[in-house]
Amino acid sequence: MTEVDSLRPLFVVLVSFVASGAIVASHRRPNLREGWTLLAALAKFGAVVSLLPGVFAGTVYVTEVVTFLPYVEFTLRADPLGMLFAVLASGLWIITSLYSIGYMRGLGEPNQTRYFAAFAVSLSTTMGIAFAGNLVTIFVFYELLSVATYPLVAHDETPEARSAGRKYLAYTMFGGGVLVLAGTVLVYWLTGLVGEPTVAFSAGGIDAIATAANSDPLMAKIAFVLLGVGFAVKAGLMPLHQWLPEAMVAPTPVSGLLHAVAVVKSGAFGVSRVVLDVFGPEVVFDLGVGVWLSVMAAITLTAASIIAMRKDHLKQRLAYSTVSQLSYILLGLGLFGWHGLVGALLHIPAHAFMKLTLFFCAGCIHVETHTDYISEMAGIGKRMPVTMVAFTVAAAGMAGIPLVAGFVSKFYMLVGGVAMGAATPVGYYLAGALLLSGVLNIAYFWPVVYTAFFEAEDAHDAKPLVEFPLGGRTAATIEAVRTDGGDRDERTGDVDPDASTTSEPDGETPIPDAEGDDVAEGDERDENDAADETEDVEPDDGVVRPDFAPGDRDFSEPAERVDTGDYAVDMNPSDTDVRFSPESGSADHAGERDGSGHVDEVSTHDHDGHDDDGRDDYDGHDDDGRDDYDGRDDHAHDDHAHHGGPPPGGWTSIRGASALLGRETTWFMLAPILAAMTLAVLLGVIPSEMAFLDLIELIVETRLEGAGVGR
């Protein structure tokens, strides 16, 4: 490798940071603001791609910015491993920016300028992580990424969003960041014991670390654990994963950023740097820490898959799927061998393409139908055929079905596990965990596909979801009776105040009273006699029992809700309502908030979930707010005047030419979905023609050079 001084890595980092200022300055002109976003995304991707030919030829582009400490510089370095992450993140930012325009406008989200500016800054810090030349530099950008993405996690400004944002910072910044800093200090000290102290990355590992590991293996193990766990926090390794599902309160494009591109991948990328460029694969294997890394990853991918099966909320299920899938990368890094490392690194882009497709589909469903729960999606494949086909393809890839990217990366790791099994039986167990996880992936993705395409709205069965009592229950026939006196609809959670627990169904069957006698229609029970009967019963065991006499409240009506303005459903319609089951109900209205967060006035929303003037700020939009930028007519939206689940009469069927013309949603959202899905398919069908595989083979060969490990 030949190092060449160049400012291009610095330009890649700064271009979106500078663009964030232009985005803020254009806050009164949304079209111009989003134009700056797309321009910065294209410029960043073009600058990254311009580095690829030189990197393939063995050139490393270096920008030395400033010296922190003796032998420690703030350095940006574009090498093959950094280019893998940089090409992926910068390329997917383009389609995520397009998707964000359709999503944010489709919901009429507030604070869009802050959203796009924070997005741009997040990509700057992501590029800094990709091009970091040493542990100090990657630590700085690692912490800055947490700060930059906090406004995105807490975007909706609800108590749930703020709580999720605080937990996100606590885990990733004050937890993982502190561990990374401690590990960096320990590496600096260890290398100083055998020569000049250094924390600079070196292909195949730092030579001084190998020497220090031989003389003091315990301290070397501690340093690896600190660095590995610190970066694994962002990668969602259990039990450090809890911030990740709660971050689902963020808008769906942010979820795609968190779970597919920037944040979680920065954690996996950090672990890759530690294994490949700080300690080196050979030292990691000799210390025995690589096996433990793989074992923890195998436990995480299995447990997270089982938890995902219990989640009815689609984004929650995808969140735990992310926890599981990221563990594939960590597991592959612990498989000492060519195939294992290639599979681990190839799963970085493979998972990004597939998971971004899945989140884009979930967000599209939310915008168009306000449906977030799998148990409410019966027959939705008729309403959104292209979206659900893309979801199915990406889900098949996540399960390792051939012809999609997930199969290729998992196949490499499976071969690596079997090869490792020749040296230690643990390899066979790890290979078995990979196979088991594939089965579990099918178990939690198939219900979504089956519900969407093979179930009817009027005969929807909640099986095989495990969120409810074992065995499932039929949502169309079972009604849950609540103590507030109404029959609650099992799917929507709405209470019918006219239905009383003592009423006669259809006026036919009398309801027996407490003594077993039938109470005919019109008969009234003497409340005083009932009270006297209660008073006459004396406890004979000396136990003081509560008074169950009825109070003043009429239980035939729902209890009055105390409106404090702090409920998520009273605020902006978005993905803030992350409930654990659809029985929690859904909001038909959202209020306008003042600066204190309280609801000033409840406004009736139109079929898009926001009021008629919610899009007046956008240039060139009519009252419908869509036709000017997607060219669609109104018929595709007639069936989502409700909030969640199929409308009365079932979903409007879109098929044939209408489906091919994208009538189910805007092209701002549909085009990114199809683009991400296409990339996942191409990486699965022609991986050798994709630059990612060539880049990964170059990375692995340089890291294993001299280690005596072949294919």
# chains A, B, ... in the order shown; residues from 1 in each chain; ligands from 1
>>> residues_around(residues="segment 401-410 of chain A", least_positions_apart="6", cutoff="8 Å", atoms="only C-alpha atoms", output="NGL selection string")
:A and (328 or 342-344 or 346-347 or 350-351 or 354 or 393-394 or 434 or 680-685 or 687)
>>> write_last_selection(atoms="C-alpha atoms", output="PDB file, in the first residue's frame")
ATOM      1  CA  TYR A 328     -23.959 -12.155  11.965  1.00  0.00           C
ATOM      2  CA  VAL A 342     -15.440 -12.287   3.740  1.00  0.00           C
ATOM      3  CA  GLY A 343     -18.926 -13.302   4.860  1.00  0.00           C
ATOM      4  CA  ALA A 344     -18.858 -10.908   7.811  1.00  0.00           C
ATOM      5  CA  LEU A 346     -20.119  -8.785   2.850  1.00  0.00           C
ATOM      6  CA  HIS A 347     -23.040  -8.849   5.277  1.00  0.00           C
ATOM      7  CA  ALA A 350     -26.116  -7.028   2.192  1.00  0.00           C
ATOM      8  CA  HIS A 351     -27.914  -6.230   5.441  1.00  0.00           C
ATOM      9  CA  MET A 354     -32.289  -5.578   2.692  1.00  0.00           C
ATOM     10  CA  VAL A 393     -38.009 -10.129  -1.491  1.00  0.00           C
ATOM     11  CA  ALA A 394     -36.010  -8.350   1.230  1.00  0.00           C
ATOM     12  CA  LEU A 434     -26.452 -19.644  11.619  1.00  0.00           C
ATOM     13  CA  ALA A 680     -30.091  -6.533  -2.642  1.00  0.00           C
ATOM     14  CA  VAL A 681     -31.000  -8.778  -5.581  1.00  0.00           C
ATOM     15  CA  LEU A 682     -27.961  -7.790  -7.650  1.00  0.00           C
ATOM     16  CA  LEU A 683     -25.611  -8.510  -4.745  1.00  0.00           C
ATOM     17  CA  GLY A 684     -27.244 -11.928  -4.442  1.00  0.00           C
ATOM     18  CA  VAL A 685     -27.314 -12.805  -8.137  1.00  0.00           C
ATOM     19  CA  PRO A 687     -21.881 -10.677  -6.388  1.00  0.00           C
TER      20      PRO A 687
END
>>> residues_around(residues="Tyr450 of chain A", least_positions_apart="6", cutoff="10 Å", atoms="only C-alpha atoms", output="MDAnalysis selection string")
chainID A and resid 377:379 381 392 464
>>> residues_around(residues="Glu282 of chain A", least_positions_apart="5", cutoff="9 Å", atoms="only C-alpha atoms", output="list in words")
Gly204, Gly205, Ala210, Leu287, Phe336, Leu704 and Ala707 of chain A
>>> select_by_dssp(residues="segment 318-444 of chain A", states="alpha helix (DSSP H)", output="MDAnalysis selection string")
chainID A and resid 318:333 338:369 380:383 385:398 405:421 426:444
>>> closest_atom_pairs(of="segment 118-213 of chain A", to="segment 239-255 of chain A", cutoff="8 Å", atoms="only C-alpha atoms", output="tab-separated table")
residue	atom	partner	partner_atom	distance
A:Leu152	CA	A:Val254	CA	6.4
A:Val153	CA	A:Ala250	CA	4.8
A:Ala154	CA	A:Ala250	CA	6.4
A:His155	CA	A:Ala250	CA	6.3
A:Asp156	CA	A:Ala250	CA	7.0
A:Glu160	CA	A:Val249	CA	7.2
A:Ala161	CA	A:Val249	CA	5.7
A:Ala164	CA	A:Glu246	CA	5.5
A:Gly165	CA	A:Ala247	CA	7.1
A:Lys167	CA	A:Trp243	CA	5.8
A:Tyr168	CA	A:Trp243	CA	5.2
A:Tyr171	CA	A:Trp243	CA	6.7
>>> select_by_dssp(residues="segment 24-164 of chain A", states="strand (DSSP E)", output="JSON, numbers by chain")
{"A": [59, 60, 61, 62, 63, 64, 65, 66, 67, 68, 69, 72, 73, 74, 75, 76, 77, 78]}
>>> atom_distance(atom1="atom CA of Leu226 of chain A", atom2="atom CA of Asp79 of chain A")
24.5 Å
>>> residues_around(residues="Phe224 of chain A", least_positions_apart="5", cutoff="8 Å", atoms="only C-alpha atoms", output="PyMOL selection string")
chain A and resi 183+274+279+289
>>> write_last_selection(atoms="N, CA, C and O atoms", output="PDB file, in the first residue's frame")
ATOM      1  N   GLY A 183     -10.378   1.769  26.192  1.00  0.00           N
ATOM      2  CA  GLY A 183      -9.599   0.826  25.407  1.00  0.00           C
ATOM      3  C   GLY A 183      -8.508   1.502  24.598  1.00  0.00           C
ATOM      4  O   GLY A 183      -7.404   0.960  24.442  1.00  0.00           O
ATOM      5  N   VAL A 274     -11.112  -2.997  15.005  1.00  0.00           N
ATOM      6  CA  VAL A 274     -10.387  -3.539  16.154  1.00  0.00           C
ATOM      7  C   VAL A 274      -9.824  -4.921  15.823  1.00  0.00           C
ATOM      8  O   VAL A 274      -8.657  -5.227  16.112  1.00  0.00           O
ATOM      9  N   PHE A 279      -5.683  -5.305  16.540  1.00  0.00           N
ATOM     10  CA  PHE A 279      -5.089  -6.536  17.061  1.00  0.00           C
ATOM     11  C   PHE A 279      -4.653  -7.474  15.939  1.00  0.00           C
ATOM     12  O   PHE A 279      -3.632  -8.145  16.054  1.00  0.00           O
ATOM     13  N   VAL A 289     -10.143 -14.437  22.278  1.00  0.00           N
ATOM     14  CA  VAL A 289     -11.268 -13.509  22.430  1.00  0.00           C
ATOM     15  C   VAL A 289     -12.191 -13.555  21.214  1.00  0.00           C
ATOM     16  O   VAL A 289     -13.378 -13.212  21.313  1.00  0.00           O
TER      17      VAL A 289
END
>>> closest_residue(among="A:Leu39, A:Leu81, A:Val121, A:Met388", to="Asp277 of chain A", atoms="only C-alpha atoms")
A:Leu81
>>> closest_residue(among="A:Ser26, A:Thr191, A:Ser146, A:Ser215", to="Val233 of chain A", atoms="only C-alpha atoms")
A:Ser146
>>> residues_around(residues="Cys364 of chain A", least_positions_apart="4", cutoff="10 Å", atoms="only C-alpha atoms", output="PyMOL selection string")
chain A and resi 99+102-103+106+252+358-360+368-371+384+387-388+664-666+669-670+673
>>> closest_residue(among="A:Leu257, A:Leu190, A:Ile654, A:Ala148", to="Ile380 of chain A", atoms="only C-alpha atoms")
A:Ile654
>>> closest_residue(among="A:Leu414, A:Gly363, A:Glu64, A:Leu314", to="Ser375 of chain A", atoms="only C-alpha atoms")
A:Leu314
>>> atom_distance(atom1="atom CA of Tyr444 of chain A", atom2="atom CA of Ala308 of chain A")
6.5 Å
>>> atom_distance(atom1="atom CA of Val4 of chain A", atom2="atom CA of Ala208 of chain A")
24.0 Å
>>> closest_residue(among="A:Met1, A:Ala220, A:Trp93, A:Val229", to="Ala676 of chain A", atoms="only C-alpha atoms")
A:Trp93
